[in-house]
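Participant: First the structure, then my questions, so here it is.
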Amino acid sequence: QWRIFRLDDAIMPMQGWQVIMATTAGEKKIRKKDNIPAVVYDKVSLTSVQYTAEVSLEAYSRLGKKSVLYSRLKGAHLFNDANNLFLNDLYRLGGLKTFRGFNEWYFYASSYATATAEYRFYTEPGSYLLLFTDLGYMQNILLTSGKNDFPIGVGGGVTLTTKAGLFSFIYAL
């Protein structure tokens with residue numbers, strides 16, 4: 001993983017940018033089970049190499065004394081033959097970290113890209129009101145039809161700094 005950043009604050013930035021890139025590689029071994037029919041293993045390589053590549057670009061732009069525009073582009077891809085991928089290998093998307101307005105881990109994807117634009121109005125240091133939109137593209141190569149999806153989420157909310165930590169209440173469609 002590689003990360004470079006120029007943020008004014010690591011926890012609650014109001015200005016700056018960061019880039020995060022990550023990649024993984026590993027050998028995937030599938031063990032045959034006696035209780036599963038042999039025909040299931042016909043098109044599957046019992047050993048394969050699987051890679052992932054992920055990138056995230058984030059920017060915080062101060063619009064005024066109490067206003068910030070947060071924007072993010074994020075994407076990832078899983079590299080392996082479709083015959084060697086299973087549902088549990090795929091990325092799980094949805095919820096507060098990827099597509100607000102959808103249930104947590106609602107989508108399965110072999111590759112995806114998201115774009116987020118979020119306006120934040122700070123009521124005090126560490127607490128703000130927000131309006132946002134999350135746009136995305138995702139692909140699931142395991143599906144026979146409807147492999148591509150284009151989720152859109154819009155909404156608003158509030159984030160408060162408390163003694164126990166950050167509390168966020170988000171309403172999204």
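Letters for chains follow the order of the structure tokens (A, B, ...), residue numbers begin at 1 for each chain, and ligand numbers begin at 1 in the order shown.
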Name the residues of region 68-148 of chain A that come out as helix (DSSP H, G or I) in a backbone DSSP run; write them as a PyMOL selection string.
Facilitator: chain A and resi 82-84+87-89
Participant: Show which residues sit within 10 Å of Thr123 (chain A), as a ChimeraX atom specification. Count only C-alpha atoms, and ignore same-chain residues fewer than 4 positions away.
Facilitator: /A:66-67,127-129,158-160
Participant: Just write the chosen residues, N, CA and C atoms, as a PDB file, in the first residue's frame.
Facilitator:
```pdb
ATOM      1  N   LYS A  66     -16.513  28.424   7.078  1.00  0.00           N
ATOM      2  CA  LYS A  66     -17.128  27.242   7.688  1.00  0.00           C
ATOM      3  C   LYS A  66     -17.558  26.192   6.674  1.00  0.00           C
ATOM      4  N   SER A  67     -17.227  26.364   5.408  1.00  0.00           N
ATOM      5  CA  SER A  67     -17.697  25.454   4.357  1.00  0.00           C
ATOM      6  C   SER A  67     -16.547  24.727   3.687  1.00  0.00           C
ATOM      7  N   SER A 127     -17.635  19.256  14.058  1.00  0.00           N
ATOM      8  CA  SER A 127     -19.063  18.954  13.869  1.00  0.00           C
ATOM      9  C   SER A 127     -19.572  19.710  12.654  1.00  0.00           C
ATOM     10  N   TYR A 128     -20.347  19.016  11.819  1.00  0.00           N
ATOM     11  CA  TYR A 128     -20.824  19.665  10.604  1.00  0.00           C
ATOM     12  C   TYR A 128     -22.123  19.048  10.095  1.00  0.00           C
ATOM     13  N   LEU A 129     -22.830  19.839   9.293  1.00  0.00           N
ATOM     14  CA  LEU A 129     -23.983  19.388   8.514  1.00  0.00           C
ATOM     15  C   LEU A 129     -23.458  19.042   7.131  1.00  0.00           C
ATOM     16  N   VAL A 158     -25.672  14.819   9.619  1.00  0.00           N
ATOM     17  CA  VAL A 158     -24.918  15.592  10.595  1.00  0.00           C
ATOM     18  C   VAL A 158     -23.845  14.686  11.198  1.00  0.00           C
ATOM     19  N   THR A 159     -22.675  15.249  11.437  1.00  0.00           N
ATOM     20  CA  THR A 159     -21.599  14.559  12.144  1.00  0.00           C
ATOM     21  C   THR A 159     -21.230  15.400  13.354  1.00  0.00           C
ATOM     22  N   LEU A 160     -21.208  14.771  14.514  1.00  0.00           N
ATOM     23  CA  LEU A 160     -20.915  15.461  15.765  1.00  0.00           C
ATOM     24  C   LEU A 160     -19.717  14.832  16.444  1.00  0.00           C
TER      25      LEU A 160
END
```
Participant: Output as a Markdown table one row per residue of region 112-156 of chain A within 8 Å of region 72-86 of chain A: the closest atom pair and its distance in Å to one decimal place, counting only C-alpha atoms, sorted by chain and residue number ascending.
Facilitator:
```
| residue | atom | partner | partner_atom | distance |
| --- | --- | --- | --- | --- |
| A:Tyr112 | CA | A:Gly75 | CA | 5.3 |
| A:Ala113 | CA | A:Gly75 | CA | 4.1 |
| A:Thr114 | CA | A:Lys74 | CA | 5.2 |
| A:Ala115 | CA | A:Leu73 | CA | 4.6 |
| A:Thr116 | CA | A:Arg72 | CA | 5.0 |
| A:Ala117 | CA | A:Arg72 | CA | 6.8 |
| A:Ile141 | CA | A:Ala82 | CA | 6.5 |
| A:Leu142 | CA | A:Ala82 | CA | 6.5 |
```
Participant: List the spatial neighbours of Arg3 (chain A) as an MDAnalysis selection string - criterion: any atom at most 9 Å away, only C-alpha atoms, same-chain residues fewer than 2 positions off excluded.
Facilitator: chainID A and resid 1 5 18:22
Participant: Would you put the residues from that selection into a file with C-alpha atoms, as a JSON list (two decimals), in the first residue's frame?
Facilitator:
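Final output, again22.json:
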```
[["chain", "number", "residue", "atom", "x", "y", "z"],
["A", 1, "GLN", "CA", 0.00, 0.00, 0.00],
["A", 5, "PHE", "CA", -1.20, 13.18, 1.62],
["A", 18, "GLN", "CA", -4.58, 12.44, -0.39],
["A", 19, "VAL", "CA", -3.91, 9.51, -2.70],
["A", 20, "ILE", "CA", -4.05, 5.90, -1.54],
["A", 21, "MET", "CA", -3.06, 3.00, -3.78],
["A", 22, "ALA", "CA", -2.99, -0.65, -2.79]]
```
Participant: Extract, using only C-alpha atoms, all DNA, RNA and protein residues at most 7 Å from Tyr91 (chain A), discarding same-chain residues fewer than 4 positions from it, and format them as a list in words.
Facilitator: Tyr108, Ala109 and Ser110 of chain A
Participant: Looking at only C-alpha atoms, which of A:Phe167, A:Leu131, A:Thr52, A:Gly153 is the one that sits closest to Asn103 (chain A)?
Facilitator: A:Gly153
Participant: Do you have the CA of Phe99 (chain A)-CA of Asp134 (chain A) distance handy?
Facilitator: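 According to the coordinates, CA of Phe99 (chain A) and CA of Asp134 (chain A) are separated by 6.0 Å.
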Participant: With distances taken over only C-alpha atoms, which residue among A:Arg92, A:Arg31, A:Lys65, A:Arg100 lies nearest Pro125 (chain A)?
Facilitator: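 Answer, going by the shortest atom-to-atom distance: A:Lys65.
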Participant: So that I can check the secondary structure, give me every residue of chain A assigned strand (DSSP E) by backbone DSSP, as a PyMOL selection string.
Facilitator: chain A and resi 2-7+16-29+47-62+67-79+91-93+107-109+111-124+127-139+148-149+152-162+165-172
